[in-house]
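Participant: Quick one: the structure is below, and I'll ask about it shortly.
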Amino acid sequence: MTPHANLTALAGQAPDFSADRAEEIARDLFGIEGAPHALSGERDRNFHIAPAKGSGIILKIIDPSEDADVIDLQIACLQHIARTDPTLPVPRVIFTRDGRSRGFVKGPDGANHIAYALSFLNGDLLEDIYPGEDLLNEVGSATARLGHALRGFFHKAAGRRIAWDPRQLVNLRQHVSLIAEVETRDLVERAFERFIARLPRLSDLRAQIIHHDCHPGNILIDAKAGRVTGLLDFGDMIHGPLILDLAVPAAEIRGAGMSVLDSACAVIAGYQGAVALEEAEYEALYDAIIARHAVTLAIHAWRSKNDPEGAAKLVRYCSANTPALAALISAGPQRTIAAFRAVGRTERTSSTRDLLDRRAHVLGKQLELTYAKPVHAIKGSGVFLWEPDGSRVLDIYNNVPSVGHAHPEVAAAIARQAAQICSNTRYLHETVIAYAERLTRTMPKELERCLFVNSGSEANDTAWRIAKAVTGKTGAIIIANAYHGITDAVAALSPYSGPLAQPSPPHVETIEPPDMYRGQFRDDRDAARLYSQDVDRAIAALAKRGHGVAAFYVDSAFCAHGILDVPKGWLALVAAKIRSAGGLIVADEVQPGFGRMGEAFWGFALHGIVPDLVTLGKPMANGHPVGAVVTTADIHGEFARRVDFFSTFGGNPVSAAAALATLEVIERERLQENCRTTGATFRAQIKALAERHPMIGDVRGSGLMTGVDIVSDRASREPSASEARRIANRMRELGVLVGIDGPLGNVLKVRPPIPFQPEHADIAVAAMDQAMAG
């Protein structure tokens with residue numbers, strides 16, 4: 001078998017183009033005037049076109065033997081990264097004068113060559129210095145970010161076979177005999193044997209399209225600032241195990257005064273800080289690193305015989321590869337892998353401890369942490385989070401990332417729009433209008449006007465301003481223990497329990513929650529009417545104090561009250577009384593909205609009412625800071641006549657893009673239906689646990705909003721906050737995150753991202769079962 005016919009990187013050479021011809025191509029094809037400076041390239045002819053002002057471009061001219069699909073792979077990859085991580089220091093594609101990503105030029109031999117251009121990045125090549133530990137950390141972090149940015153990217157050309165891919169060692173092995181030094185040849189053979197033995201297990205590892213060439217000749221740095229300023233050369237991209245991406249810098253970069261192993265560990269530490277390694281990847285990493293050294297030496301040996309010019313480009317690396325390979329093989333896999341794992345543990349332990357100390361200093365010790373063992377999340381995907389040591393936790397608590405942590409469509413929409421413009425709604429922009437149209441189509445026809453703000457708290461604050469302006473009254477009625485936000489006005493409407501809970505101010509009246517498990521009318525068939533009578537008292541009290549009723553606020557999932565199953569008709573009776581008193585109904589849909597309740601897209605619809613105002617918060621944009629108030633044309637018009645209201649960044653194009661992408665995912669993936677079916681199954685599984693766990697007093701809710709009432713005695717329904725805390729902390733140790741809520745602090749609050757599936761419910765129920773068992 002001939003290497004040329006099978007493996008890219010052994011075959012091919014850079015085409016012959018002069019500097020004058022490059023200057024002409026840059027001017028005619030890309031409209032860039034500048035002086036050409038030749039750069040090195042393995043299979044491309046590269047020039048820096050430097051204009052009188054500015055950084056200029058990199059002009060790349062491709063050999064005709066190069067696969068056009070591979071060029072498309074590189075260009076498409078850079079365009080993908082520009083959308084998914086615009087701050088990552090990689091070149092940007094420069095378009096031709098007629099708007100294309102590439103063009104064709106004639107070579108001296110008359111053949112057509114692809115030519116394309118990239119932005120020029122400033123910095124010094126890492127290969128020209130010995131970096132310190134901090135810079136090695138930065139390289140590892142940049143490599144991790146690059147891999148994360150490429151997650152979800154696919155291209156057919158990534159399946160190609162190249163010599164630098166250690167999975168092709170079987171094809172390279174025949175050339176090991178060309179290595180002149182016996183000791184080096186023996187080291188390469190041993191590395192090849194280990195990696196070939198590992199090949200069948202590589203399919204168990206995370207895989208995607210990877211850069212696969214972050215060696216010091218492809219990394220630009222600012223040595224003074226200690227940061228990476230450029231990641232270059234996407235010509236060796238493949239689809240392969242993610243660990244191969246890390247293996248390149250871990251193998252190729254040697255720190256100042258540092259051993260081979262210490263240098264590799266410093267790179268790994270930086271990588272771990274951004275993307276956690278999984279357990280199986282530690283062992284594979286050792287074999288991948290020694291394979292990288294061996295591949296370099298084997299390719300150099302082949303080129304020394306067949307391509308002396310190409311071999312000369314590898315000499316400086318090969319002089320370091322042999323001693324590095326010898327050091328790692330001498331250290332052995334057990335010691336080396338233990339060092340890699342220690343980096344993971346140290347990164348987890350030291351970074352968490354350091355974060356706790358720093359957090360206390362700058363945020364204060366009073367800021368609550370949810371669990372006894374704090375969650376240190378470094379990435380998320382779907383319903384899972386990952387911590388620095390690689391451990392994965394199932395999130396059944398966080399409703400804010402409604403369509404799942406780091407949803408690629410939402411992230412891409414944010415990045416794409418942020419790279420274009422982020423302005424305000426006093427300028428015309430298509431996205432916020434399109435979103436408002438889509439949003440109001442999901443609501444009753446009366447609710448047709450939108451006011452955009454930046455959070456649920458701001459939305460509830462705005463609704464309060466509207467209610468007071470439109471009704472001319474100043475009183476509010478809320479449910480005891482309600483929570484509606486953090487602004488000064490809305491905090492007065494949030495008598496949420498806690499050690500610092502304050503009495504309600506004179507303009508606020510609270511009513512009894514319609515609790516059918518522990519409330520005074522729980523066993524009465526007429527509970528809806530009986531509970532609603534407390535509103536009469538509240539209305540009279542506000543009237544007596546001269547406030548009247550401006551608004552009644554209700555979270556239709558009753559989250560802060562322990563996620564109640566309220567008596568049918570109660571909210572309709574309350575709404576009628578409020579409206580008779582001249583007040584408006586505000587449905588706080590921050591938590592129950594957007595299909596979470598399963599049976600209806602909006603929580604208020606479950607209760608058969610149409611509110612006057614609907615408030616929304618961050619779940620509407622999968623966690624991006626945005627909020628909204630949706631109301632009727634009449635109410636909106638009256639408010640506009642009385643108040644000049646404007647939120648500078650409410651409804652900005654980036655927020656609108658995030659919200660629109662989130663809504664599109666919910667509708668296209670039929671997530672409301674998933675909430676209905678999976679939620680019902682999940683609650684049935686939890687109810688089944690009650691047969692062997694007497695601390696489960698009640699299981700209630702709708703869709704993917706569930707409350708599990710924890711009691712010390714089922715007969716008396718005595719709440720047990722301490723047991724709820726114990727269960728939540730134990731579940732966290734078992735890798736499942738659940739919350740606690742309710743006025744008595746004893747209700748497990750279950751509200752996962754809404755792509756939550758039955759297989760995730762099985763994991764959660766198993767952890768809940770084990771936690772309750774002790």
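We label chains A, B, ... in the order they appear in the structure tokens, count residues from 1 in each chain, and number ligands from 1 in the order shown.
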Report as number ranges by chain all protein, DNA and RNA residues lying within 10 Å of segment 247-257 of chain A, evaluated on only C-alpha atoms, omitting residues in the same chain fewer than 3 positions from it.

Facilitator: A: 126-127, 129-136, 139-140, 143, 211-217, 219, 242-244, 260-268, 271, 284-293, 296, 317-318, 320-321, 324-325, 328

Participant: Taking a cut-off of 10 Å and counting only C-alpha atoms, can you build a table that, for each residue of segment 647-762 of chain A near segment 548-565 of chain A, reports the nearest atom pair and how far apart they are in Å (one decimal), sorted by chain then residue number, as JSON lines?

Facilitator:
{"residue": "A:Val699", "atom": "CA", "partner": "A:Ile563", "partner_atom": "CA", "distance": 9.4}
{"residue": "A:Arg700", "atom": "CA", "partner": "A:Asp565", "partner_atom": "CA", "distance": 6.2}
{"residue": "A:Gly701", "atom": "CA", "partner": "A:Ile563", "partner_atom": "CA", "distance": 6.1}
{"residue": "A:Ser702", "atom": "CA", "partner": "A:Ala557", "partner_atom": "CA", "distance": 8.3}
{"residue": "A:Met705", "atom": "CA", "partner": "A:Ile563", "partner_atom": "CA", "distance": 7.5}
{"residue": "A:Thr706", "atom": "CA", "partner": "A:Ile563", "partner_atom": "CA", "distance": 6.6}
{"residue": "A:Gly707", "atom": "CA", "partner": "A:Ile563", "partner_atom": "CA", "distance": 5.3}
{"residue": "A:Val708", "atom": "CA", "partner": "A:Gly562", "partner_atom": "CA", "distance": 8.3}
{"residue": "A:Asp709", "atom": "CA", "partner": "A:Gly562", "partner_atom": "CA", "distance": 7.7}
{"residue": "A:Ile740", "atom": "CA", "partner": "A:Gly562", "partner_atom": "CA", "distance": 8.6}
{"residue": "A:Asp741", "atom": "CA", "partner": "A:Gly562", "partner_atom": "CA", "distance": 5.7}
{"residue": "A:Gly742", "atom": "CA", "partner": "A:Gly562", "partner_atom": "CA", "distance": 3.9}
{"residue": "A:Pro743", "atom": "CA", "partner": "A:His561", "partner_atom": "CA", "distance": 5.8}
{"residue": "A:Leu744", "atom": "CA", "partner": "A:Gly562", "partner_atom": "CA", "distance": 8.5}
{"residue": "A:Gly745", "atom": "CA", "partner": "A:Gly562", "partner_atom": "CA", "distance": 8.4}
{"residue": "A:Asn746", "atom": "CA", "partner": "A:Gly562", "partner_atom": "CA", "distance": 8.2}
{"residue": "A:Val747", "atom": "CA", "partner": "A:Gly562", "partner_atom": "CA", "distance": 5.7}
{"residue": "A:Leu748", "atom": "CA", "partner": "A:Gly562", "partner_atom": "CA", "distance": 8.1}
{"residue": "A:Lys749", "atom": "CA", "partner": "A:Gly562", "partner_atom": "CA", "distance": 7.5}
{"residue": "A:Val750", "atom": "CA", "partner": "A:Ile563", "partner_atom": "CA", "distance": 9.4}
{"residue": "A:Arg751", "atom": "CA", "partner": "A:Cys559", "partner_atom": "CA", "distance": 9.9}

Participant: Keeping N, CA and C atoms for every residue in the selection just given, could you write it to a file as a short mmCIF file (atom, residue, chain, number, x, y, z; two decimals), in the first residue's frame?

Facilitator:
data_model
loop_
_atom_site.label_atom_id
_atom_site.label_comp_id
_atom_site.auth_asym_id
_atom_site.auth_seq_id
_atom_site.Cartn_x
_atom_site.Cartn_y
_atom_site.Cartn_z
N VAL A 699 -48.00 13.85 46.76
CA VAL A 699 -47.33 14.13 45.49
C VAL A 699 -48.33 14.86 44.61
N ARG A 700 -47.98 16.04 44.14
CA ARG A 700 -48.96 16.85 43.42
C ARG A 700 -48.28 17.65 42.32
N GLY A 701 -49.09 18.22 41.45
CA GLY A 701 -48.56 19.04 40.37
C GLY A 701 -49.17 18.68 39.04
N SER A 702 -48.59 19.26 37.99
CA SER A 702 -49.06 19.04 36.63
C SER A 702 -47.88 19.17 35.69
N MET A 705 -43.98 19.99 36.62
CA MET A 705 -43.97 20.82 37.83
C MET A 705 -44.58 19.96 38.93
N THR A 706 -43.72 19.44 39.80
CA THR A 706 -44.17 18.47 40.80
C THR A 706 -43.67 18.85 42.18
N GLY A 707 -44.55 18.70 43.18
CA GLY A 707 -44.18 18.90 44.57
C GLY A 707 -44.31 17.60 45.34
N VAL A 708 -43.30 17.26 46.13
CA VAL A 708 -43.33 16.05 46.96
C VAL A 708 -43.29 16.51 48.42
N ASP A 709 -44.41 16.40 49.11
CA ASP A 709 -44.57 16.90 50.48
C ASP A 709 -43.97 15.89 51.45
N ILE A 740 -36.07 22.67 47.16
CA ILE A 740 -36.98 22.64 48.31
C ILE A 740 -37.77 23.93 48.31
N ASP A 741 -39.07 23.85 48.59
CA ASP A 741 -39.91 25.04 48.61
C ASP A 741 -41.07 24.81 49.56
N GLY A 742 -41.99 25.78 49.54
CA GLY A 742 -43.17 25.70 50.40
C GLY A 742 -42.99 26.54 51.65
N PRO A 743 -44.08 27.02 52.24
CA PRO A 743 -44.00 27.89 53.42
C PRO A 743 -43.37 27.21 54.62
N LEU A 744 -43.38 25.88 54.64
CA LEU A 744 -42.81 25.14 55.77
C LEU A 744 -41.46 24.52 55.43
N GLY A 745 -40.98 24.77 54.19
CA GLY A 745 -39.66 24.29 53.78
C GLY A 745 -39.55 22.79 53.70
N ASN A 746 -40.64 22.11 53.39
CA ASN A 746 -40.63 20.64 53.43
C ASN A 746 -41.05 20.00 52.11
N VAL A 747 -41.17 20.78 51.04
CA VAL A 747 -41.64 20.23 49.77
C VAL A 747 -40.48 20.14 48.79
N LEU A 748 -40.22 18.94 48.29
CA LEU A 748 -39.23 18.78 47.23
C LEU A 748 -39.82 19.35 45.95
N LYS A 749 -39.14 20.32 45.38
CA LYS A 749 -39.62 20.99 44.17
C LYS A 749 -38.92 20.39 42.96
N VAL A 750 -39.73 19.81 42.07
CA VAL A 750 -39.20 19.12 40.91
C VAL A 750 -39.69 19.84 39.66
N ARG A 751 -38.79 20.50 38.95
CA ARG A 751 -39.17 21.26 37.75
C ARG A 751 -37.99 21.27 36.78
#

Participant: Considering only C-alpha atoms, return as a PyMOL selection string whatever protein or nucleic-acid residues lie within 10 Å of Ala372 of chain A, sequence-local ones (same chain, fewer than 6 positions apart) excluded.

Facilitator: chain A and resi 725-726+728-730+732-733

Participant: Restricting the calculation to only C-alpha atoms, which member of A:Gly99, A:Gly485, A:Gly107, A:Pro241 is positioned closest to Gly147 of chain A?

Facilitator: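 Counting only C-alpha atoms, the residue closest to Gly147 of chain A is A:Pro241.
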
Participant: If we count only C-alpha atoms and set the cut-off at 10 Å, which residues sit around Ser304 of chain A, ignoring sequence neighbours fewer than 4 positions away in its own chain? Please answer as a list in words.

Facilitator: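 Everything that qualifies: Leu178, Ile179, Ala298, Ile299, His300, Pro308, Glu309, Gly310, Ala311, Ala312, Leu314 and Val315 of chain A.
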
Participant: Just to be explicit: take each residue in the selection above, keep C-alpha atoms, and write the result as a PDB file, in the first residue's frame.

Facilitator:
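Listing of out13.pdb after writing:
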ATOM      1  CA  LEU A 178      12.873   4.079   8.355  1.00  0.00           C
ATOM      2  CA  ILE A 179      13.739   5.580  11.778  1.00  0.00           C
ATOM      3  CA  ALA A 298       7.206   8.104  11.940  1.00  0.00           C
ATOM      4  CA  ILE A 299       6.031  10.832   9.540  1.00  0.00           C
ATOM      5  CA  HIS A 300       9.398  12.559   9.841  1.00  0.00           C
ATOM      6  CA  PRO A 308      13.327  16.140   2.512  1.00  0.00           C
ATOM      7  CA  GLU A 309      11.835  19.632   2.323  1.00  0.00           C
ATOM      8  CA  GLY A 310       8.776  18.498   4.286  1.00  0.00           C
ATOM      9  CA  ALA A 311      10.995  16.657   6.765  1.00  0.00           C
ATOM     10  CA  ALA A 312      12.940  19.826   7.464  1.00  0.00           C
ATOM     11  CA  LEU A 314       9.475  18.770  11.473  1.00  0.00           C
ATOM     12  CA  VAL A 315      13.084  18.730  12.671  1.00  0.00           C
TER      13      VAL A 315
END

Participant: From the list A:Leu369, A:Ile57, A:Ile62, A:Ala280, which residue is nearest Val93 of chain A when using only C-alpha atoms?

Facilitator: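 Closest candidate: A:Ile57.
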
Participant: Per DSSP on the backbone, filter segment 13-55 of chain A down to the residues in strand (DSSP E) and report them as a PyMOL selection string.

Facilitator: chain A and resi 35-39+44-50

Participant: Using the selection just defined, write its residues with N, CA, C and O atoms as a PDB file, in the first residue's frame.

Facilitator:
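Listed below is the output, part.pdb:
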ATOM      1  N   ALA A  35       1.203  44.468   0.842  1.00  0.00           N
ATOM      2  CA  ALA A  35       2.464  43.806   0.515  1.00  0.00           C
ATOM      3  C   ALA A  35       2.378  42.330   0.910  1.00  0.00           C
ATOM      4  O   ALA A  35       1.967  42.009   2.025  1.00  0.00           O
ATOM      5  N   PRO A  36       2.792  41.418   0.022  1.00  0.00           N
ATOM      6  CA  PRO A  36       2.720  39.987   0.329  1.00  0.00           C
ATOM      7  C   PRO A  36       3.961  39.500   1.070  1.00  0.00           C
ATOM      8  O   PRO A  36       5.092  39.867   0.730  1.00  0.00           O
ATOM      9  N   HIS A  37       3.743  38.699   2.088  1.00  0.00           N
ATOM     10  CA  HIS A  37       4.842  38.081   2.827  1.00  0.00           C
ATOM     11  C   HIS A  37       4.574  36.586   2.892  1.00  0.00           C
ATOM     12  O   HIS A  37       3.545  36.159   3.421  1.00  0.00           O
ATOM     13  N   ALA A  38       5.476  35.782   2.341  1.00  0.00           N
ATOM     14  CA  ALA A  38       5.278  34.337   2.296  1.00  0.00           C
ATOM     15  C   ALA A  38       5.316  33.739   3.691  1.00  0.00           C
ATOM     16  O   ALA A  38       6.145  34.127   4.531  1.00  0.00           O
ATOM     17  N   LEU A  39       4.435  32.785   3.931  1.00  0.00           N
ATOM     18  CA  LEU A  39       4.383  32.058   5.195  1.00  0.00           C
ATOM     19  C   LEU A  39       4.547  30.571   4.908  1.00  0.00           C
ATOM     20  O   LEU A  39       4.326  30.112   3.791  1.00  0.00           O
ATOM     21  N   ASP A  44      -0.483  24.023   1.591  1.00  0.00           N
ATOM     22  CA  ASP A  44      -1.037  25.242   1.015  1.00  0.00           C
ATOM     23  C   ASP A  44       0.097  26.235   0.793  1.00  0.00           C
ATOM     24  O   ASP A  44       1.115  26.216   1.483  1.00  0.00           O
ATOM     25  N   ARG A  45      -0.099  27.142  -0.175  1.00  0.00           N
ATOM     26  CA  ARG A  45       0.809  28.279  -0.315  1.00  0.00           C
ATOM     27  C   ARG A  45       0.149  29.459   0.389  1.00  0.00           C
ATOM     28  O   ARG A  45      -0.945  29.883   0.016  1.00  0.00           O
ATOM     29  N   ASN A  46       0.789  29.961   1.432  1.00  0.00           N
ATOM     30  CA  ASN A  46       0.186  30.969   2.292  1.00  0.00           C
ATOM     31  C   ASN A  46       0.966  32.283   2.235  1.00  0.00           C
ATOM     32  O   ASN A  46       2.204  32.284   2.231  1.00  0.00           O
ATOM     33  N   PHE A  47       0.219  33.384   2.218  1.00  0.00           N
ATOM     34  CA  PHE A  47       0.823  34.712   2.227  1.00  0.00           C
ATOM     35  C   PHE A  47       0.072  35.603   3.214  1.00  0.00           C
ATOM     36  O   PHE A  47      -1.156  35.540   3.301  1.00  0.00           O
ATOM     37  N   HIS A  48       0.831  36.429   3.919  1.00  0.00           N
ATOM     38  CA  HIS A  48       0.220  37.511   4.682  1.00  0.00           C
ATOM     39  C   HIS A  48       0.195  38.736   3.780  1.00  0.00           C
ATOM     40  O   HIS A  48       1.249  39.233   3.366  1.00  0.00           O
ATOM     41  N   ILE A  49      -1.002  39.207   3.467  1.00  0.00           N
ATOM     42  CA  ILE A  49      -1.156  40.423   2.670  1.00  0.00           C
ATOM     43  C   ILE A  49      -1.326  41.574   3.651  1.00  0.00           C
ATOM     44  O   ILE A  49      -2.359  41.700   4.308  1.00  0.00           O
ATOM     45  N   ALA A  50      -0.285  42.386   3.761  1.00  0.00           N
ATOM     46  CA  ALA A  50      -0.246  43.434   4.782  1.00  0.00           C
ATOM     47  C   ALA A  50      -0.499  44.799   4.155  1.00  0.00           C
ATOM     48  O   ALA A  50       0.370  45.330   3.444  1.00  0.00           O
TER      49      ALA A  50
END

Participant: How many Å separate atom CA of Asp523 of chain A from atom CA of Gln591 of chain A?

Facilitator: 28.2 Å

Participant: Would you mind reading off the distance between atom CA of Ile421 of chain A and atom CA of Phe594 of chain A, one decimal, in Å?

Facilitator: 27.2 Å

Participant: List the spatial neighbours of Gln770 of chain A as a list in words - criterion: any atom at most 10 Å away, only C-alpha atoms, same-chain residues fewer than 6 positions off excluded.

Facilitator: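 My reading of the contact set: Ile727, Arg730, Met731, Leu734 and Ala764 of chain A.
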
Participant: Dump N, CA, C and O atoms for the selected residues as a compact mmCIF listing (two decimals), in the first residue's frame?

Facilitator:
# COMPACT_ATOMS: atom_id res chain seq x y z
N ILE A 727 -32.88 14.69 52.30
CA ILE A 727 -33.12 13.98 51.03
C ILE A 727 -32.51 14.76 49.87
O ILE A 727 -31.85 14.17 49.00
N ARG A 730 -28.76 14.41 49.97
CA ARG A 730 -28.34 13.05 49.61
C ARG A 730 -28.51 12.81 48.11
O ARG A 730 -27.64 12.20 47.46
N MET A 731 -29.58 13.31 47.54
CA MET A 731 -29.78 13.18 46.09
C MET A 731 -28.68 13.92 45.34
O MET A 731 -28.20 13.44 44.30
N LEU A 734 -25.82 11.79 45.14
CA LEU A 734 -26.08 10.70 44.19
C LEU A 734 -26.17 11.18 42.75
O LEU A 734 -26.44 10.39 41.85
N ALA A 764 -33.85 9.82 38.26
CA ALA A 764 -34.27 10.65 39.38
C ALA A 764 -34.99 9.84 40.45
O ALA A 764 -34.75 10.01 41.65

Participant: With distances taken over only C-alpha atoms, which residue among A:Ala197, A:Ala149, A:Leu220, A:Val105 lies nearest Leu125 of chain A?

Facilitator: A:Leu220

Participant: Could you please determine the separation between atom CA of Ala659 of chain A and atom CA of Arg92 of chain A in Å, to one decimal place?

Facilitator: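 Atom-to-atom, atom CA of Ala659 of chain A and atom CA of Arg92 of chain A are spaced 27.1 Å apart.
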
Participant: Each residue of segment 461-496 of chain A lying at most 12 Å from segment 622-637 of chain A should get a row with its shortest atom-to-atom pair and the distance in Å to one decimal, counting only C-alpha atoms; could you produce that, ordered by chain and increasing number, as CSV?

Facilitator:
residue,atom,partner,partner_atom,distance
A:Asp461,CA,A:Val629,CA,9.7
A:Thr462,CA,A:Val629,CA,7.4
A:Ala463,CA,A:Val629,CA,6.7
A:Trp464,CA,A:Val629,CA,10.5
A:Arg465,CA,A:Val629,CA,11.3
A:Ile466,CA,A:Ile635,CA,7.9
A:Ala467,CA,A:Ile635,CA,8.7
A:Lys468,CA,A:Ile635,CA,11.2
A:Ala469,CA,A:Ile635,CA,9.6
A:Val470,CA,A:Ile635,CA,6.8
A:Thr471,CA,A:Ile635,CA,9.6
A:Gly485,CA,A:Gly627,CA,11.8

Participant: Given the selection you just returned, output its residues as a file containing N, CA, C and O atoms, formatted as a compact mmCIF listing (two decimals), in the first residue's frame.

Facilitator:
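again-v3.txt written:
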# COMPACT_ATOMS: atom_id res chain seq x y z
N ASP A 461 -42.82 44.17 38.25
CA ASP A 461 -42.76 45.58 38.64
C ASP A 461 -43.53 46.44 37.63
O ASP A 461 -44.31 47.33 38.00
N THR A 462 -43.33 46.16 36.34
CA THR A 462 -44.02 46.90 35.30
C THR A 462 -45.53 46.66 35.36
O THR A 462 -46.33 47.60 35.21
N ALA A 463 -45.92 45.41 35.60
CA ALA A 463 -47.35 45.11 35.72
C ALA A 463 -47.98 45.88 36.88
O ALA A 463 -49.13 46.34 36.79
N TRP A 464 -47.22 46.04 37.96
CA TRP A 464 -47.72 46.80 39.11
C TRP A 464 -47.90 48.28 38.74
O TRP A 464 -48.90 48.90 39.09
N ARG A 465 -46.95 48.83 38.01
CA ARG A 465 -47.09 50.22 37.54
C ARG A 465 -48.32 50.36 36.64
O ARG A 465 -49.07 51.33 36.74
N ILE A 466 -48.51 49.40 35.76
CA ILE A 466 -49.66 49.45 34.85
C ILE A 466 -50.96 49.41 35.64
O ILE A 466 -51.89 50.20 35.40
N ALA A 467 -51.03 48.47 36.59
CA ALA A 467 -52.27 48.29 37.36
C ALA A 467 -52.61 49.58 38.12
O ALA A 467 -53.78 50.01 38.15
N LYS A 468 -51.64 50.19 38.75
CA LYS A 468 -51.91 51.42 39.49
C LYS A 468 -52.32 52.56 38.56
O LYS A 468 -53.25 53.33 38.86
N ALA A 469 -51.63 52.66 37.41
CA ALA A 469 -51.94 53.75 36.48
C ALA A 469 -53.32 53.60 35.88
O ALA A 469 -54.07 54.59 35.74
N VAL A 470 -53.69 52.38 35.52
CA VAL A 470 -54.96 52.14 34.81
C VAL A 470 -56.16 52.20 35.77
O VAL A 470 -57.21 52.74 35.44
N THR A 471 -56.00 51.64 36.99
CA THR A 471 -57.13 51.59 37.93
C THR A 471 -57.23 52.82 38.80
O THR A 471 -58.29 53.11 39.36
N GLY A 485 -40.65 38.60 42.93
CA GLY A 485 -39.47 39.29 42.45
C GLY A 485 -38.72 40.08 43.49
O GLY A 485 -39.05 40.03 44.68

Participant: Residues of segment 102-208 of chain A that have any atom at most 12 Å from an atom of segment 17-33 of chain A: could you tabulate them with the shortest-distance atom pair and the distance in Å to one decimal, using only C-alpha atoms, ordered by chain and increasing number, as a Markdown table?

Facilitator:
| residue | atom | partner | partner_atom | distance |
| --- | --- | --- | --- | --- |
| A:Arg102 | CA | A:Leu29 | CA | 8.9 |
| A:Gly103 | CA | A:Leu29 | CA | 7.2 |
| A:Phe104 | CA | A:Leu29 | CA | 8.8 |
| A:Val105 | CA | A:Ile25 | CA | 7.6 |
| A:Lys106 | CA | A:Phe17 | CA | 9.8 |
| A:Gly107 | CA | A:Phe17 | CA | 7.0 |
| A:Pro108 | CA | A:Phe17 | CA | 7.3 |
| A:Asp109 | CA | A:Phe17 | CA | 10.2 |
| A:Gly110 | CA | A:Phe17 | CA | 11.8 |
| A:Ala111 | CA | A:Phe17 | CA | 11.9 |
| A:His113 | CA | A:Phe17 | CA | 10.4 |
| A:Ile114 | CA | A:Ile25 | CA | 11.3 |
| A:Ala115 | CA | A:Ile25 | CA | 8.5 |
| A:Tyr116 | CA | A:Phe30 | CA | 8.6 |
| A:Ala117 | CA | A:Phe30 | CA | 7.8 |
| A:Leu118 | CA | A:Phe30 | CA | 10.5 |
| A:Ser119 | CA | A:Ile32 | CA | 11.3 |
